[in-house]
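One structure below.
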Amino acid sequence: MSAQTGPAGRPDATDSDTTNPGVTNPGVTNSDVTKAKPADAGRGGPANGAAGRPDTKSSEGGVLNVFSHGVLVIWGLLVAMPLLWAVVSSFKDDTEIFGSPWGLPSVLHFDNWSRAWDKANMGQYFLNSLIVVGGSLIGTMLLGAMAAYVLARFDFPGNRFLYFLFVGGMGFPVILALVPLFFVMKNMALLDTYHGLILVYIAYSLPFTVFFLSGFFKTLPTSVAEAALIDGASHTRIFFQVMLPMAKPGLISVGIFNFLGQWNQYLLPTVLNVGDPHKKMLTQGLVALAVSQGYKGDWSGLFAGLTIAMLPVLAAYIIFQRQVVAGLTAGALK
Amino acid sequence: MQHGKYRFIAGFLAVPLAIYAVFVISPFVQAIYYSLTDWTGLSSDMKMVGFDNYARLLKDSVFWSAVGNSVTLLLLLPVVTLSLGLFFAFMLNVGGRRRKKAVIGGVRGSGTYKIVYFFPQVLSVPIVALLFQFAYNPESGALNALFKAIGLGQVQPDWLGDPQIALWCVMAAMVWANVGFYVVLFSAGMSSIPKDFYEAALLDGANRINTFFRITLPLLWDTVQTGWIYMGILALDVSAFAFVQIMSVGPGGPDYSTEVLPLYVYQKTFRDGQAGYATAIGVSLLIVTLIFSAIVMRLGRRERLEF
């Protein structure tokens, strides 16, 4: 979508009678915008459109501004407060959590954190998630890029069929496949193993990865690859040394998308990774912790566990904010 | 040369395709087959029972409450989430005080708002679900404590324990978790709409509400439609399962008031040992999903606007 201006690009279907911005509608005089506008306003975009307009702050603009800041702040608080509340609660003891849910802790109970990390195994779960997501992310990116590249750049019989086979996986309810998948994994002795989980994560990340990256490879110029081919490079070498470096922005976007999706994955491990309590993923471990705290009554430890699971992701998001937003919205904007 | 090309293609496709076929395609195909059997999932014995499982579905009252709740989520969750997303995005982009050079402008600090709004999007469903579960706790939860503090001591709802409102409580958590993503998405779309569209409309006497419905929404329609499908799949599938399974009592309760189709599939397989019947429920979920996508595509078909 280009931001071109001019009458040809005007939205005819919007039903608004904005035929010619140079002509003010004489029937409307109650808007100060109308009065303040010189006749040539709007022609050249905002840069010179308002030249000569007196700098009056209209009451409409002011009221709207207060209103919009009001609602925006309210939603901001609604989002931030629960997260802040969890962090604050992780430093309280149990009586404080129950007695004054909104109060600040009298003493900072760091022991909650160490209890959650050691006794409640959050440290172990964290490591498990790192191992599995590390493996599956590398696998997804490599295999997804290979498949996407071949499907995007080579003509062969069945190309379209394979493409739609991959992409079709995005729209189907995963839960339907899950029952047979459990038994497929059981027969292959892959249940409750890291490598089994890695393979499944890769398989369920392929549809989006192939969809996104094949679109990306199509936009890359062909000339560089052709030059390399004439120089005698093999297809494999061109892929790794020419095309992958050129596709870096796309790889980063889809990599972040996959990392968050796999790190936050809950359904697949809940079904496929239940045998060994020490092999739980972080998301599973957190839910198990919540259930077991129900018996033990260690609420402060639970809040500490929750915060341990929450803060690294939030911190990473704040640092790589721009890339994360670009990666997650990339799919929807295409 | 040609030979080398095909060997290369086969070499690159073999591994991804094999993994995909074994763990995604084959389970889907098997699911359709199992839905026609009386398989328990516990042993390898099974026999074909034709459409018996589907006939049984029609008489299963829990199945129908799951359908009702899933369809409720499917109808309301996208509307509420996308409306809030559009509203906040419009406020961010158009709600600003008028500056010297532009007729419309974004509010001050819109970048900060967007960063905060996006927080829930990077958190896993268990984190969000547990946070809300604490907030809803009738004895020590943040919500009832807040009610007490502002003098509403008599109003102490049971939240997730009350079958009348339990599903709405779960839905509120899902809305909370997803609005931020759409604020950021729509906001990016809105900022690419040329400012002089608004200028022209305001010149002609349109107010800001008019500009939203006549300019912003039509030009964002493609993105809204994509978001609608995403949210619909979320309401039907994995996300709904995780929220309900973690938050609700039972899970699925009280009194099946939060039972949803994916959870019922899971329970029938792994709790009740009725894998054949469970896959029939899964197939009906697939049908609901396909009907939904077809309706959104059909309703949403409009002339694509280039600008």
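Here, A, B, ... name the chains of the structure tokens in the order displayed, residue numbers run from 1 inside each chain, and ligands are numbered from 1 in the same displayed order.
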Do you have, as CSV, the list of residues of chain B lying at most 6 Å from chain A, each with its nearest atom pair and that distance in Å to one decimal, counting only C-alpha atoms and ordered by chain then number?
```
residue,atom,partner,partner_atom,distance
B:Phe12,CA,A:Met146,CA,5.6
B:Leu13,CA,A:Ala147,CA,5.3
B:Pro16,CA,A:Leu143,CA,5.5
B:Ile19,CA,A:Ala203,CA,5.9
B:Tyr20,CA,A:Ala203,CA,5.0
B:Pro27,CA,A:Ala177,CA,4.9
B:Phe28,CA,A:Ala177,CA,4.8
B:Met91,CA,A:Ser68,CA,5.4
B:Gly95,CA,A:Asn65,CA,5.3
B:Gly96,CA,A:Asn65,CA,5.3
B:Arg97,CA,A:Asn65,CA,5.5
B:Lys101,CA,A:Ala50,CA,5.4
B:Ala102,CA,A:Pro46,CA,5.3
B:Ser124,CA,A:Asn264,CA,4.5
B:Ser140,CA,A:Phe98,CA,5.1
B:Ala142,CA,A:Pro101,CA,5.9
B:Asp196,CA,A:Gly45,CA,5.5
B:Ala200,CA,A:Pro21,CA,4.9
B:Ala201,CA,A:Thr18,CA,5.7
B:Leu203,CA,A:Thr34,CA,5.1
B:Asp204,CA,A:Asn25,CA,5.4
B:Gly205,CA,A:Val28,CA,5.7
B:Arg214,CA,A:Thr14,CA,5.0
B:Ile215,CA,A:Thr14,CA,5.9
B:Asp237,CA,A:Pro173,CA,5.7
B:Gly282,CA,A:Leu176,CA,4.7
B:Phe307,CA,A:Gly9,CA,5.2
```
Spatial neighbours of Trp168 (chain B), 12 Å, only C-alpha atoms, chain gap at least 6 places, as a PyMOL selection string: chain B and resi 69+72-73+76-77+80+136+159-162+174-175+243-244+247-248+257-258
Write a file of the just-selected residues containing C-alpha atoms, as an mmCIF file, in the first residue's frame.
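Contents of selection03.cif, as written:
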```
data_model
loop_
_atom_site.group_PDB
_atom_site.id
_atom_site.type_symbol
_atom_site.label_atom_id
_atom_site.label_comp_id
_atom_site.auth_asym_id
_atom_site.auth_seq_id
_atom_site.Cartn_x
_atom_site.Cartn_y
_atom_site.Cartn_z
ATOM 1 C CA ASN B 69 -20.406 -21.776 24.903
ATOM 2 C CA THR B 72 -20.954 -17.597 22.282
ATOM 3 C CA LEU B 73 -17.197 -17.056 22.449
ATOM 4 C CA LEU B 76 -18.672 -12.150 21.052
ATOM 5 C CA LEU B 77 -14.909 -12.413 21.503
ATOM 6 C CA VAL B 80 -15.518 -7.056 21.657
ATOM 7 C CA TYR B 136 -11.347 -13.451 40.739
ATOM 8 C CA TRP B 159 -16.913 -14.898 39.883
ATOM 9 C CA LEU B 160 -15.651 -18.194 38.448
ATOM 10 C CA GLY B 161 -17.800 -20.143 40.907
ATOM 11 C CA ASP B 162 -21.045 -18.628 39.671
ATOM 12 C CA MET B 174 -9.215 -13.434 26.809
ATOM 13 C CA VAL B 175 -10.206 -9.915 25.768
ATOM 14 C CA PHE B 243 -8.003 -20.413 29.357
ATOM 15 C CA VAL B 244 -10.935 -22.597 30.344
ATOM 16 C CA MET B 247 -9.225 -20.907 35.049
ATOM 17 C CA SER B 248 -12.533 -22.670 35.447
ATOM 18 C CA SER B 257 -21.204 -23.393 32.223
ATOM 19 C CA THR B 258 -17.701 -22.931 30.778
#
```
In region 191-334 of chain A, DSSP alpha helix (DSSP H) residues written as JSON, numbers by chain: {"A": [194, 195, 196, 197, 198, 199, 200, 201, 202, 203, 204, 205, 206, 207, 208, 209, 210, 211, 212, 213, 214, 215, 216, 217, 218, 219, 223, 224, 225, 226, 227, 228, 229, 230, 235, 236, 237, 238, 244, 245, 246, 248, 249, 250, 251, 252, 253, 254, 255, 256, 257, 258, 259, 260, 261, 262, 263, 267, 268, 269, 270, 271, 272, 282, 283, 284, 285, 286, 287, 288, 289, 290, 291, 292, 293, 294, 295, 296, 299, 300, 301, 302, 303, 304, 305, 306, 307, 308, 309, 310, 311, 312, 313, 314, 315, 316, 317, 318, 319, 321, 322, 323, 324, 325, 326, 327, 328, 329, 330, 331, 332, 333]}
Export of the given selection (C-alpha atoms) as a compact mmCIF listing (two decimals), in the first residue's frame:
```txt
# COMPACT_ATOMS: atom_id res chain seq x y z
CA TYR A 194 12.76 -33.50 24.54
CA HIS A 195 13.40 -34.58 20.96
CA GLY A 196 9.79 -35.70 20.53
CA LEU A 197 8.53 -32.34 21.68
CA ILE A 198 11.05 -30.56 19.45
CA LEU A 199 9.82 -32.48 16.40
CA VAL A 200 6.18 -31.68 17.17
CA TYR A 201 6.91 -27.99 17.78
CA ILE A 202 8.70 -27.85 14.42
CA ALA A 203 5.85 -29.63 12.64
CA TYR A 204 3.18 -27.27 13.99
CA SER A 205 5.27 -24.15 13.29
CA LEU A 206 5.94 -25.08 9.66
CA PRO A 207 2.65 -23.85 8.13
CA PHE A 208 3.07 -20.22 9.14
CA THR A 209 6.84 -20.27 8.60
CA VAL A 210 6.52 -21.67 5.07
CA PHE A 211 3.67 -19.28 4.26
CA PHE A 212 5.56 -16.23 5.47
CA LEU A 213 9.02 -17.08 4.16
CA SER A 214 7.93 -18.24 0.71
CA GLY A 215 6.20 -14.88 0.31
CA PHE A 216 9.44 -13.26 1.39
CA PHE A 217 11.70 -15.27 -0.93
CA LYS A 218 9.46 -14.35 -3.86
CA THR A 219 10.15 -10.66 -3.31
CA SER A 223 19.91 -11.55 -10.33
CA VAL A 224 22.32 -12.28 -7.48
CA ALA A 225 21.43 -15.96 -7.39
CA GLU A 226 21.73 -16.19 -11.18
CA ALA A 227 25.16 -14.60 -11.11
CA ALA A 228 26.28 -17.07 -8.47
CA LEU A 229 24.88 -19.96 -10.54
CA ILE A 230 26.88 -18.84 -13.58
CA HIS A 235 22.00 -24.63 -5.48
CA THR A 236 22.72 -25.61 -1.89
CA ARG A 237 25.56 -23.15 -1.63
CA ILE A 238 23.48 -20.36 -3.17
CA LEU A 244 19.64 -16.76 3.54
CA PRO A 245 21.70 -13.61 4.20
CA MET A 246 19.42 -11.67 1.86
CA LYS A 248 17.58 -11.89 7.08
CA PRO A 249 14.79 -9.36 7.89
CA GLY A 250 12.12 -11.93 7.12
CA LEU A 251 13.95 -14.60 9.09
CA ILE A 252 14.14 -12.32 12.13
CA SER A 253 10.42 -11.52 11.99
CA VAL A 254 9.29 -15.10 11.69
CA GLY A 255 11.95 -16.21 14.18
CA ILE A 256 10.54 -13.92 16.87
CA PHE A 257 7.03 -15.05 16.03
CA ASN A 258 8.04 -18.69 16.39
CA PHE A 259 10.10 -18.13 19.52
CA LEU A 260 7.20 -16.56 21.39
CA GLY A 261 4.72 -19.11 20.08
CA GLN A 262 6.91 -22.03 21.11
CA TRP A 263 8.03 -20.54 24.42
CA LEU A 267 -1.48 -27.29 24.69
CA LEU A 268 1.13 -29.57 23.06
CA PRO A 269 3.18 -30.25 26.21
CA THR A 270 0.00 -30.65 28.27
CA VAL A 271 -0.95 -33.58 26.09
CA LEU A 272 2.41 -34.99 24.99
CA LEU A 282 7.73 -23.66 32.06
CA THR A 283 4.06 -23.09 31.18
CA GLN A 284 3.11 -26.55 32.41
CA GLY A 285 5.22 -26.20 35.51
CA LEU A 286 3.47 -22.96 36.38
CA VAL A 287 0.04 -24.53 36.12
CA ALA A 288 1.20 -27.56 38.12
CA LEU A 289 2.58 -25.17 40.73
CA ALA A 290 -0.77 -23.39 40.92
CA VAL A 291 -2.55 -26.70 41.46
CA SER A 292 -0.13 -27.94 44.12
CA GLN A 293 -0.14 -24.61 45.96
CA GLY A 294 -3.85 -25.14 46.38
CA TYR A 295 -2.96 -27.97 48.78
CA LYS A 296 0.12 -26.46 50.35
CA TRP A 299 0.63 -18.48 47.62
CA SER A 300 3.67 -16.25 47.91
CA GLY A 301 5.78 -18.97 46.29
CA LEU A 302 3.26 -19.18 43.49
CA PHE A 303 3.39 -15.45 42.84
CA ALA A 304 7.17 -15.65 42.80
CA GLY A 305 6.97 -18.48 40.25
CA LEU A 306 4.57 -16.44 38.16
CA THR A 307 6.91 -13.47 38.24
CA ILE A 308 9.88 -15.65 37.33
CA ALA A 309 7.98 -16.86 34.27
CA MET A 310 6.80 -13.38 33.37
CA LEU A 311 9.73 -11.01 33.80
CA PRO A 312 12.28 -12.45 31.34
CA VAL A 313 9.79 -12.36 28.48
CA LEU A 314 8.67 -8.84 29.36
CA ALA A 315 12.27 -7.68 29.67
CA ALA A 316 13.18 -9.20 26.30
CA TYR A 317 10.11 -7.56 24.79
CA ILE A 318 11.01 -4.11 26.11
CA ILE A 319 14.58 -4.42 24.79
CA GLN A 321 10.30 -3.89 21.27
CA ARG A 322 10.39 -2.81 17.65
CA GLN A 323 11.41 -6.20 16.28
CA VAL A 324 8.90 -8.08 18.44
CA VAL A 325 5.99 -5.93 17.30
CA ALA A 326 7.11 -6.21 13.68
CA GLY A 327 7.48 -9.98 13.99
CA LEU A 328 4.10 -10.59 15.59
CA THR A 329 2.12 -8.27 13.34
CA ALA A 330 3.91 -9.37 10.15
CA GLY A 331 1.53 -12.22 9.48
CA ALA A 332 -1.63 -10.19 9.88
CA LEU A 333 -0.46 -7.29 7.74
```
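Comparing the minimum interatomic distances between Met81 (chain A) and each of B:Leu17, B:Leu84, B:Ala135, B:Met231, counting only C-alpha atoms, we find that B:Ala135 sits nearest.
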Residue neighbourhood Ser293 (chain B), 9 Å, only C-alpha atoms, exclusion window fewer than 5 positions, as JSON, numbers by chain: {"A": [171], "B": [229, 232, 233, 288, 298]}
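Our summary of the geometry notes that CA of Asp38 (chain B) is positioned 5.2 Å from CA of Gly276 (chain B).
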Selection: 12 Å around Val296 (chain B), only C-alpha atoms, excl. self and same-chain fewer than 4 positions, as an MDAnalysis selection string: chainID B and resid 74:75 78 221:222 224:233 289:292 300:302
Same residues, N, CA and C atoms, saved as a PDB file, in the first residue's frame:
```pdb
ATOM      1  N   LEU B  74     -17.268 -17.460  20.071  1.00  0.00           N
ATOM      2  CA  LEU B  74     -16.976 -17.189  18.665  1.00  0.00           C
ATOM      3  C   LEU B  74     -17.673 -15.912  18.193  1.00  0.00           C
ATOM      4  N   LEU B  75     -18.899 -15.674  18.675  1.00  0.00           N
ATOM      5  CA  LEU B  75     -19.628 -14.495  18.226  1.00  0.00           C
ATOM      6  C   LEU B  75     -19.167 -13.239  18.958  1.00  0.00           C
ATOM      7  N   PRO B  78     -14.499 -11.926  19.098  1.00  0.00           N
ATOM      8  CA  PRO B  78     -13.937 -11.054  18.050  1.00  0.00           C
ATOM      9  C   PRO B  78     -14.564  -9.663  18.058  1.00  0.00           C
ATOM     10  N   TRP B 221     -10.468  -2.290   6.304  1.00  0.00           N
ATOM     11  CA  TRP B 221     -11.342  -3.444   6.322  1.00  0.00           C
ATOM     12  C   TRP B 221     -10.608  -4.770   6.154  1.00  0.00           C
ATOM     13  N   ASP B 222      -9.633  -4.814   5.278  1.00  0.00           N
ATOM     14  CA  ASP B 222      -8.866  -6.050   5.069  1.00  0.00           C
ATOM     15  C   ASP B 222      -8.222  -6.538   6.366  1.00  0.00           C
ATOM     16  N   VAL B 224      -9.096  -5.733   9.441  1.00  0.00           N
ATOM     17  CA  VAL B 224     -10.131  -6.120  10.395  1.00  0.00           C
ATOM     18  C   VAL B 224     -10.609  -7.537  10.096  1.00  0.00           C
ATOM     19  N   GLN B 225     -10.779  -7.823   8.826  1.00  0.00           N
ATOM     20  CA  GLN B 225     -11.253  -9.148   8.435  1.00  0.00           C
ATOM     21  C   GLN B 225     -10.259 -10.240   8.830  1.00  0.00           C
ATOM     22  N   THR B 226      -8.978  -9.991   8.580  1.00  0.00           N
ATOM     23  CA  THR B 226      -7.952 -10.945   9.002  1.00  0.00           C
ATOM     24  C   THR B 226      -8.008 -11.148  10.510  1.00  0.00           C
ATOM     25  N   GLY B 227      -8.106 -10.033  11.247  1.00  0.00           N
ATOM     26  CA  GLY B 227      -8.186 -10.111  12.698  1.00  0.00           C
ATOM     27  C   GLY B 227      -9.397 -10.901  13.151  1.00  0.00           C
ATOM     28  N   TRP B 228     -10.492 -10.746  12.427  1.00  0.00           N
ATOM     29  CA  TRP B 228     -11.720 -11.456  12.770  1.00  0.00           C
ATOM     30  C   TRP B 228     -11.512 -12.965  12.688  1.00  0.00           C
ATOM     31  N   ILE B 229     -10.852 -13.399  11.631  1.00  0.00           N
ATOM     32  CA  ILE B 229     -10.609 -14.839  11.478  1.00  0.00           C
ATOM     33  C   ILE B 229      -9.650 -15.337  12.556  1.00  0.00           C
ATOM     34  N   TYR B 230      -8.592 -14.574  12.824  1.00  0.00           N
ATOM     35  CA  TYR B 230      -7.648 -14.958  13.884  1.00  0.00           C
ATOM     36  C   TYR B 230      -8.375 -15.128  15.213  1.00  0.00           C
ATOM     37  N   MET B 231      -9.185 -14.116  15.558  1.00  0.00           N
ATOM     38  CA  MET B 231      -9.866 -14.152  16.852  1.00  0.00           C
ATOM     39  C   MET B 231     -10.881 -15.288  16.903  1.00  0.00           C
ATOM     40  N   GLY B 232     -11.511 -15.566  15.767  1.00  0.00           N
ATOM     41  CA  GLY B 232     -12.480 -16.657  15.728  1.00  0.00           C
ATOM     42  C   GLY B 232     -11.808 -17.993  15.995  1.00  0.00           C
ATOM     43  N   ILE B 233     -10.660 -18.215  15.357  1.00  0.00           N
ATOM     44  CA  ILE B 233      -9.940 -19.476  15.567  1.00  0.00           C
ATOM     45  C   ILE B 233      -9.461 -19.569  17.013  1.00  0.00           C
ATOM     46  N   THR B 289     -15.610 -24.440  12.605  1.00  0.00           N
ATOM     47  CA  THR B 289     -14.550 -23.543  12.149  1.00  0.00           C
ATOM     48  C   THR B 289     -14.698 -23.213  10.666  1.00  0.00           C
ATOM     49  N   LEU B 290     -14.973 -24.236   9.863  1.00  0.00           N
ATOM     50  CA  LEU B 290     -15.079 -24.006   8.420  1.00  0.00           C
ATOM     51  C   LEU B 290     -16.281 -23.122   8.095  1.00  0.00           C
ATOM     52  N   ILE B 291     -17.423 -23.360   8.776  1.00  0.00           N
ATOM     53  CA  ILE B 291     -18.603 -22.514   8.537  1.00  0.00           C
ATOM     54  C   ILE B 291     -18.275 -21.068   8.884  1.00  0.00           C
ATOM     55  N   PHE B 292     -17.617 -20.886  10.032  1.00  0.00           N
ATOM     56  CA  PHE B 292     -17.261 -19.535  10.462  1.00  0.00           C
ATOM     57  C   PHE B 292     -16.382 -18.832   9.426  1.00  0.00           C
ATOM     58  N   GLY B 300     -17.356 -10.484   4.383  1.00  0.00           N
ATOM     59  CA  GLY B 300     -16.319  -9.459   4.336  1.00  0.00           C
ATOM     60  C   GLY B 300     -15.910  -9.097   2.932  1.00  0.00           C
ATOM     61  N   ARG B 301     -16.478  -9.773   1.937  1.00  0.00           N
ATOM     62  CA  ARG B 301     -15.998  -9.508   0.589  1.00  0.00           C
ATOM     63  C   ARG B 301     -16.436  -8.121   0.123  1.00  0.00           C
ATOM     64  N   ARG B 302     -15.484  -7.276  -0.023  1.00  0.00           N
ATOM     65  CA  ARG B 302     -15.767  -5.929  -0.502  1.00  0.00           C
ATOM     66  C   ARG B 302     -14.717  -5.587  -1.532  1.00  0.00           C
TER      67      ARG B 302
END
```
